[in-house]
Amino acid sequence: MFIHLHREGDLVASVKNLRGQSDLMSVMILIGAVLIIGVTFAGLTLANVSNFTSANQVKTILGEDQSSIVLYVERENMTHICFGVLRSIPDYRVYAFALVSSDYKKDLSSALIIPIPGVAVQTSFDARRIHYLYQGEYYEFTFKGSINVLALTDKGVRDYIMQRKPILVCIDKKILGGTSAYFLVFSYINNELYEVREWYVTS
Amino acid sequence: MSRARRYREGEAEIIGAIIATGVMILAITAMFYSIVRLQQSTSDVYAKRIAFESERTLEKISVNYDPNNNTCRITNTGGIDITVARVWITNTEFKDPSEVGFQQVIKRGESINSYTLDNAPVAIVTTRGNVFEIKSECEKQAVTGIIYIGVPGLISSQNIIGTTRLTSDKACIEYNLTPFPDGVPVLVYKNDTGWIYHNCTHSDQTTYGWKIITKPSQSNINLTADLDNSTVNEVIVAINKTTQLSDINSEKGDALALTLLFYNITRLTNATDTVTIFYKFVVQTSRGGQAHQASYNPRVALVSLDSNIVYAAPGAISVSSSHDYIGVISGYVVFPRYFYNFQPGCYSVEITLVINPGPSMEITSLRLEYIAITGADILWTPLPQSQ
């Protein structure tokens with residue numbers, strides 16, 4: 001009788017032990033699943049939010065640049081056309097200039113001249129990192145290779161952009177060789193160039 | 001399923017829900033903040049750009065050629081101070097203003113040093129991106145023979161009306177006042193020699209010019225020479241009542257019209273492009289205890305008395321008040337060749353001011369402070385400055 005009872009007690013205990021282990025396992029699996037799903041969800045959400053906010057930051061900067069940059073023809077004669085470029089709200093912002101053929105296939109930046117010394121340097125820029133503006137949307141350049149843009153130096157930004165003084169950029173029309181071209185003003189953001197102004201130039 | 005397990009599952013669901021809700025709130029807040037910031041920034045920069053563009057359009061530079069000294073005078077005739085960013089010395093060479101001794105800030109209404117035609121800059125560029133051609137404009141005026149009226153400030157009249165042209169011996173101003181006043185209307189002006197009067201008929205050359213007033217005696221004239229205290233005396237439409245000269249005094253509420261015809265004051269040629277006529281009236285009213293309200297309707301016409309041609313236009317006016325009872329009506333009228341296709345010849349300028357006062361108002365003084373003509377030759381020979 002005693003033996004029987006003892007065995008029955010062991011059995012009950014071992015059954016309870018098994019149930020406890022199974023409960024623990026299921027809770028751990030549940031928590032693990034919740035954590036995995038939660039962390040994945042949080043990660044995905046935050047990644048999307050981060051993309052969204054950084055895209056909005058770029059849009060904000062571009063919106064400011066598009067609204068602030070003033071581009072006008074300062075002088076023009078048979079051989080040269082000179083543009084004045086200024087920022088109506090002074091800020092430390094770097095800009096670059098390029099000249100491309102009207103079909104966006106040929107780099108004509110060699111015709112660009114900045115007569116004020118030290119305000120810009122020629123920089124080779126991968127065309128895939130250059131975005132042109134078309135009907136309010138930005139598109140990557142279909143160009144292959146790189147473009148020789150003229151990017152503002154620190155002196156150029158401090159002495160002109162931040163002083164609201166117009167920078168002078170001239171184009172030697174002879175180099176255009178009778179073709180038309182787009183003079184483009186880019187804003188430099190996160191190692192990419194975004195077009196903010198353009199002017200159709202005919203020789 | 002045991003109660004403990006169900007309880008733990010419930011716990012896990014609550015924890016999961018809290019984490020998910022937290023993440024959602026964080027994400028939505030970040031996105032919302034980002035959108036709001038973008039919108040705020042966009043509207044802010046657009047507002048600033050609009051303000052910038054309106055400032056940009058307010059920048060105006062006038063270039064006038066003075067044939068007596070062969071110089072070009074540069075005047076800021078815009079509504080805002082101008083900062084010069086660059087001076088083009090030739091068509092291919094430019095300098096900073098400081099490098100060529102060019103005044104960097106030209107205040108509103110300020111004229112800067114005169115340049116001879118040879119050393120005048122080709123153009124100046126402002127910090128708002130306006131380019132003003134100087135030399136070509138000055139050369140054009142030198143060639144077409146437009147006479148510069150030397151005025152300090154934006155538009156002043158002292159040199160126009162007070163000392164040189166309107167008091168010229170060749171001046172003939174015919175005037176007409178409606179309704180006709182009680183007494184003889186006469187134009188009166190005070191210069192360095194004293195009170196002078198003008199009463200001209202263009203067909204009678206002996207009536208041309210101004211004469212000193214002898215009756216009443218100078219000491220008995222109690223008119224105010226400069227009603228609006230602008231330091232410039234006005235031509236007063238006075239009433240001669242034999243023993244005294246007085247300002248006009250209209251009937252309460254009656255409309256009043258003054259027409260002034262400046263006989264053959266200007267000449268239009270084939271080279272004349274745009275003629276602009278500036279004027280300034282000063283009117284004193286008595287409001288009779290009622291609300292101060294009156295409408296002023298100026299009209300300006302270029303009239304050829306020989307060929308019966310009239311080019312007329314309503315005035316662009318601004319009305320201001322120096323104090324309660326004085327109204328200053330100044331404005332200008334533009335006659336572009338494009339619209340009027342001028343015939344060359346001598347022209348008179350006819351200025352009419354119609355005043356419709358309120359019911360209990362009366363006009364107690366009516367004066368012309370200046371008339372200026374730009375873009376066309378002025379034929380009336382100026383007198384020496386002392387006169």
# chains A, B, ... in the order shown; residues from 1 in each chain; ligands from 1
>>> interface_residues(of="chain B", to="chain A", cutoff="7 Å", atoms="only C-alpha atoms", output="PyMOL selection string")
chain B and resi 5+8-9+12+16+19-20+23+27+30-31+34+38+41-42+45-46+49+52+85+127+129+131
>>> residues_around(residues="Gly101 in chain B", least_positions_apart="6", cutoff="12 Å", atoms="only C-alpha atoms", output="PyMOL selection string")
chain B and resi 84+86-87+89+95+112-113+115+121
>>> write_last_selection(atoms="N, CA and C atoms", output="PDB file, in the first residue's frame")
ATOM      1  N   VAL B  84      26.094  98.228 -53.389  1.00  0.00           N
ATOM      2  CA  VAL B  84      26.741  97.865 -54.658  1.00  0.00           C
ATOM      3  C   VAL B  84      27.725  96.722 -54.397  1.00  0.00           C
ATOM      4  N   ARG B  86      29.371  95.038 -57.130  1.00  0.00           N
ATOM      5  CA  ARG B  86      30.387  94.951 -58.172  1.00  0.00           C
ATOM      6  C   ARG B  86      30.238  96.134 -59.117  1.00  0.00           C
ATOM      7  N   VAL B  87      31.374  96.629 -59.579  1.00  0.00           N
ATOM      8  CA  VAL B  87      31.357  97.745 -60.540  1.00  0.00           C
ATOM      9  C   VAL B  87      32.054  97.273 -61.815  1.00  0.00           C
ATOM     10  N   ILE B  89      33.937  98.264 -64.833  1.00  0.00           N
ATOM     11  CA  ILE B  89      34.652  99.453 -65.302  1.00  0.00           C
ATOM     12  C   ILE B  89      34.600  99.513 -66.823  1.00  0.00           C
ATOM     13  N   LYS B  95      35.407  95.328 -60.819  1.00  0.00           N
ATOM     14  CA  LYS B  95      36.139  95.476 -59.549  1.00  0.00           C
ATOM     15  C   LYS B  95      35.131  95.538 -58.406  1.00  0.00           C
ATOM     16  N   ILE B 112      25.120 110.226 -55.925  1.00  0.00           N
ATOM     17  CA  ILE B 112      26.543 110.050 -55.619  1.00  0.00           C
ATOM     18  C   ILE B 112      27.385 110.803 -56.624  1.00  0.00           C
ATOM     19  N   ASN B 113      28.673 110.861 -56.323  1.00  0.00           N
ATOM     20  CA  ASN B 113      29.615 111.697 -57.067  1.00  0.00           C
ATOM     21  C   ASN B 113      29.383 111.640 -58.564  1.00  0.00           C
ATOM     22  N   TYR B 115      30.356 111.532 -62.365  1.00  0.00           N
ATOM     23  CA  TYR B 115      31.439 110.978 -63.176  1.00  0.00           C
ATOM     24  C   TYR B 115      31.387 111.626 -64.543  1.00  0.00           C
ATOM     25  N   PRO B 121      31.348 104.386 -64.749  1.00  0.00           N
ATOM     26  CA  PRO B 121      31.380 102.925 -64.858  1.00  0.00           C
ATOM     27  C   PRO B 121      30.367 102.425 -65.898  1.00  0.00           C
TER      28      PRO B 121
END
>>> closest_residue(among="B:Leu187, B:Cys200, B:Val328, B:Ile28", to="Cys172 in chain B", atoms="only C-alpha atoms")
B:Cys200
>>> select_by_dssp(residues="range 19-98 of chain A", states="alpha helix (DSSP H)", output="ChimeraX atom specification")
/A:19-68
>>> atom_distance(atom1="CA of Val303 in chain B", atom2="CA of Thr266 in chain B")
9.9 Å
>>> residues_around(residues="range 107-110 of chain A", least_positions_apart="6", cutoff="6 Å", atoms="only C-alpha atoms", output="CSV table (one decimal) with N, CA and C atoms, in the first residue's frame")
chain,number,residue,atom,x,y,z
A,98,ALA,N,27.8,73.5,-63.5
A,98,ALA,CA,28.2,72.6,-64.6
A,98,ALA,C,27.5,73.1,-65.9
A,99,LEU,N,28.1,72.7,-67.0
A,99,LEU,CA,27.5,73.1,-68.3
A,99,LEU,C,27.3,71.8,-69.1
A,100,VAL,N,26.1,71.4,-69.5
A,100,VAL,CA,26.0,70.2,-70.3
A,100,VAL,C,25.2,70.6,-71.5
>>> closest_residue(among="B:Leu256, B:Ala123, B:Met24, B:Val63", to="Thr374 in chain B", atoms="only C-alpha atoms")
B:Val63
>>> atom_distance(atom1="CA of Ala120 in chain A", atom2="CA of Ser187 in chain A")
13.8 Å
>>> decode(residues="range 44-82 of chain A", atoms="N, CA and C atoms", output="PDB file, in the first residue's frame")
ATOM      1  N   LEU A  44      12.198  47.681 -38.661  1.00  0.00           N
ATOM      2  CA  LEU A  44      11.665  48.070 -39.973  1.00  0.00           C
ATOM      3  C   LEU A  44      11.028  49.459 -39.921  1.00  0.00           C
ATOM      4  N   THR A  45      10.241  49.652 -38.853  1.00  0.00           N
ATOM      5  CA  THR A  45       9.546  50.947 -38.727  1.00  0.00           C
ATOM      6  C   THR A  45      10.553  52.084 -38.609  1.00  0.00           C
ATOM      7  N   LEU A  46      11.531  51.874 -37.701  1.00  0.00           N
ATOM      8  CA  LEU A  46      12.501  52.954 -37.491  1.00  0.00           C
ATOM      9  C   LEU A  46      13.338  53.203 -38.743  1.00  0.00           C
ATOM     10  N   ALA A  47      13.656  52.095 -39.453  1.00  0.00           N
ATOM     11  CA  ALA A  47      14.427  52.260 -40.688  1.00  0.00           C
ATOM     12  C   ALA A  47      13.639  53.094 -41.695  1.00  0.00           C
ATOM     13  N   ASN A  48      12.352  52.766 -41.805  1.00  0.00           N
ATOM     14  CA  ASN A  48      11.508  53.524 -42.739  1.00  0.00           C
ATOM     15  C   ASN A  48      11.355  54.973 -42.306  1.00  0.00           C
ATOM     16  N   VAL A  49      11.172  55.124 -40.973  1.00  0.00           N
ATOM     17  CA  VAL A  49      11.033  56.490 -40.448  1.00  0.00           C
ATOM     18  C   VAL A  49      12.325  57.263 -40.695  1.00  0.00           C
ATOM     19  N   SER A  50      13.460  56.583 -40.470  1.00  0.00           N
ATOM     20  CA  SER A  50      14.743  57.238 -40.678  1.00  0.00           C
ATOM     21  C   SER A  50      14.906  57.664 -42.139  1.00  0.00           C
ATOM     22  N   ASN A  51      14.547  56.707 -43.053  1.00  0.00           N
ATOM     23  CA  ASN A  51      14.615  57.057 -44.485  1.00  0.00           C
ATOM     24  C   ASN A  51      13.716  58.239 -44.799  1.00  0.00           C
ATOM     25  N   PHE A  52      12.511  58.169 -44.225  1.00  0.00           N
ATOM     26  CA  PHE A  52      11.520  59.208 -44.492  1.00  0.00           C
ATOM     27  C   PHE A  52      12.012  60.566 -44.004  1.00  0.00           C
ATOM     28  N   THR A  53      12.525  60.553 -42.745  1.00  0.00           N
ATOM     29  CA  THR A  53      12.955  61.843 -42.187  1.00  0.00           C
ATOM     30  C   THR A  53      14.199  62.368 -42.894  1.00  0.00           C
ATOM     31  N   SER A  54      15.134  61.464 -43.244  1.00  0.00           N
ATOM     32  CA  SER A  54      16.328  61.967 -43.940  1.00  0.00           C
ATOM     33  C   SER A  54      15.969  62.451 -45.336  1.00  0.00           C
ATOM     34  N   ALA A  55      15.019  61.771 -45.993  1.00  0.00           N
ATOM     35  CA  ALA A  55      14.560  62.245 -47.309  1.00  0.00           C
ATOM     36  C   ALA A  55      13.901  63.614 -47.162  1.00  0.00           C
ATOM     37  N   ASN A  56      13.151  63.757 -46.084  1.00  0.00           N
ATOM     38  CA  ASN A  56      12.507  65.051 -45.834  1.00  0.00           C
ATOM     39  C   ASN A  56      13.530  66.138 -45.522  1.00  0.00           C
ATOM     40  N   GLN A  57      14.619  65.718 -44.817  1.00  0.00           N
ATOM     41  CA  GLN A  57      15.688  66.688 -44.531  1.00  0.00           C
ATOM     42  C   GLN A  57      16.308  67.184 -45.830  1.00  0.00           C
ATOM     43  N   VAL A  58      16.557  66.258 -46.746  1.00  0.00           N
ATOM     44  CA  VAL A  58      17.121  66.637 -48.049  1.00  0.00           C
ATOM     45  C   VAL A  58      16.136  67.545 -48.780  1.00  0.00           C
ATOM     46  N   LYS A  59      14.851  67.150 -48.731  1.00  0.00           N
ATOM     47  CA  LYS A  59      13.821  67.982 -49.383  1.00  0.00           C
ATOM     48  C   LYS A  59      13.801  69.377 -48.775  1.00  0.00           C
ATOM     49  N   THR A  60      13.944  69.449 -47.440  1.00  0.00           N
ATOM     50  CA  THR A  60      13.935  70.749 -46.763  1.00  0.00           C
ATOM     51  C   THR A  60      15.087  71.619 -47.257  1.00  0.00           C
ATOM     52  N   ILE A  61      16.291  71.018 -47.298  1.00  0.00           N
ATOM     53  CA  ILE A  61      17.471  71.778 -47.742  1.00  0.00           C
ATOM     54  C   ILE A  61      17.304  72.201 -49.198  1.00  0.00           C
ATOM     55  N   LEU A  62      16.814  71.265 -50.021  1.00  0.00           N
ATOM     56  CA  LEU A  62      16.641  71.585 -51.442  1.00  0.00           C
ATOM     57  C   LEU A  62      15.569  72.659 -51.643  1.00  0.00           C
ATOM     58  N   GLY A  63      14.513  72.560 -50.846  1.00  0.00           N
ATOM     59  CA  GLY A  63      13.458  73.578 -50.923  1.00  0.00           C
ATOM     60  C   GLY A  63      14.010  74.944 -50.596  1.00  0.00           C
ATOM     61  N   GLU A  64      14.860  74.990 -49.548  1.00  0.00           N
ATOM     62  CA  GLU A  64      15.477  76.268 -49.169  1.00  0.00           C
ATOM     63  C   GLU A  64      16.388  76.771 -50.272  1.00  0.00           C
ATOM     64  N   ASP A  65      17.172  75.852 -50.839  1.00  0.00           N
ATOM     65  CA  ASP A  65      18.104  76.263 -51.904  1.00  0.00           C
ATOM     66  C   ASP A  65      17.355  76.732 -53.143  1.00  0.00           C
ATOM     67  N   GLN A  66      16.318  75.966 -53.516  1.00  0.00           N
ATOM     68  CA  GLN A  66      15.555  76.360 -54.714  1.00  0.00           C
ATOM     69  C   GLN A  66      14.909  77.738 -54.533  1.00  0.00           C
ATOM     70  N   SER A  67      14.488  78.013 -53.297  1.00  0.00           N
ATOM     71  CA  SER A  67      13.828  79.307 -53.056  1.00  0.00           C
ATOM     72  C   SER A  67      14.825  80.443 -52.904  1.00  0.00           C
ATOM     73  N   SER A  68      16.039  80.129 -52.480  1.00  0.00           N
ATOM     74  CA  SER A  68      16.982  81.205 -52.147  1.00  0.00           C
ATOM     75  C   SER A  68      17.936  81.564 -53.269  1.00  0.00           C
ATOM     76  N   ILE A  69      18.207  80.623 -54.155  1.00  0.00           N
ATOM     77  CA  ILE A  69      19.224  80.911 -55.173  1.00  0.00           C
ATOM     78  C   ILE A  69      18.653  81.838 -56.244  1.00  0.00           C
ATOM     79  N   VAL A  70      19.392  82.904 -56.493  1.00  0.00           N
ATOM     80  CA  VAL A  70      18.998  83.878 -57.523  1.00  0.00           C
ATOM     81  C   VAL A  70      20.012  83.769 -58.659  1.00  0.00           C
ATOM     82  N   LEU A  71      19.527  83.508 -59.845  1.00  0.00           N
ATOM     83  CA  LEU A  71      20.397  83.376 -61.015  1.00  0.00           C
ATOM     84  C   LEU A  71      19.952  84.397 -62.057  1.00  0.00           C
ATOM     85  N   TYR A  72      20.866  85.215 -62.515  1.00  0.00           N
ATOM     86  CA  TYR A  72      20.511  86.250 -63.488  1.00  0.00           C
ATOM     87  C   TYR A  72      21.675  86.479 -64.437  1.00  0.00           C
ATOM     88  N   VAL A  73      21.375  87.041 -65.581  1.00  0.00           N
ATOM     89  CA  VAL A  73      22.438  87.366 -66.545  1.00  0.00           C
ATOM     90  C   VAL A  73      23.004  88.738 -66.186  1.00  0.00           C
ATOM     91  N   GLU A  74      24.302  88.768 -65.909  1.00  0.00           N
ATOM     92  CA  GLU A  74      24.919  90.032 -65.508  1.00  0.00           C
ATOM     93  C   GLU A  74      25.477  90.784 -66.722  1.00  0.00           C
ATOM     94  N   ARG A  75      26.145  90.072 -67.607  1.00  0.00           N
ATOM     95  CA  ARG A  75      26.629  90.706 -68.845  1.00  0.00           C
ATOM     96  C   ARG A  75      26.616  89.679 -69.963  1.00  0.00           C
ATOM     97  N   GLU A  76      26.437  90.169 -71.164  1.00  0.00           N
ATOM     98  CA  GLU A  76      26.484  89.262 -72.313  1.00  0.00           C
ATOM     99  C   GLU A  76      26.990  90.020 -73.528  1.00  0.00           C
ATOM    100  N   ASN A  77      27.888  89.396 -74.247  1.00  0.00           N
ATOM    101  CA  ASN A  77      28.293  89.951 -75.546  1.00  0.00           C
ATOM    102  C   ASN A  77      28.390  88.795 -76.539  1.00  0.00           C
ATOM    103  N   MET A  78      29.033  89.054 -77.657  1.00  0.00           N
ATOM    104  CA  MET A  78      29.064  88.033 -78.710  1.00  0.00           C
ATOM    105  C   MET A  78      29.825  86.781 -78.272  1.00  0.00           C
ATOM    106  N   THR A  79      30.820  86.961 -77.418  1.00  0.00           N
ATOM    107  CA  THR A  79      31.682  85.819 -77.104  1.00  0.00           C
ATOM    108  C   THR A  79      31.428  85.209 -75.723  1.00  0.00           C
ATOM    109  N   HIS A  80      30.892  85.992 -74.814  1.00  0.00           N
ATOM    110  CA  HIS A  80      30.720  85.484 -73.448  1.00  0.00           C
ATOM    111  C   HIS A  80      29.340  85.835 -72.901  1.00  0.00           C
ATOM    112  N   ILE A  81      28.870  84.987 -72.010  1.00  0.00           N
ATOM    113  CA  ILE A  81      27.698  85.337 -71.196  1.00  0.00           C
ATOM    114  C   ILE A  81      28.102  85.094 -69.744  1.00  0.00           C
ATOM    115  N   CYS A  82      27.824  86.083 -68.894  1.00  0.00           N
ATOM    116  CA  CYS A  82      28.208  85.958 -67.483  1.00  0.00           C
ATOM    117  C   CYS A  82      26.960  85.952 -66.607  1.00  0.00           C
TER     118      CYS A  82
END
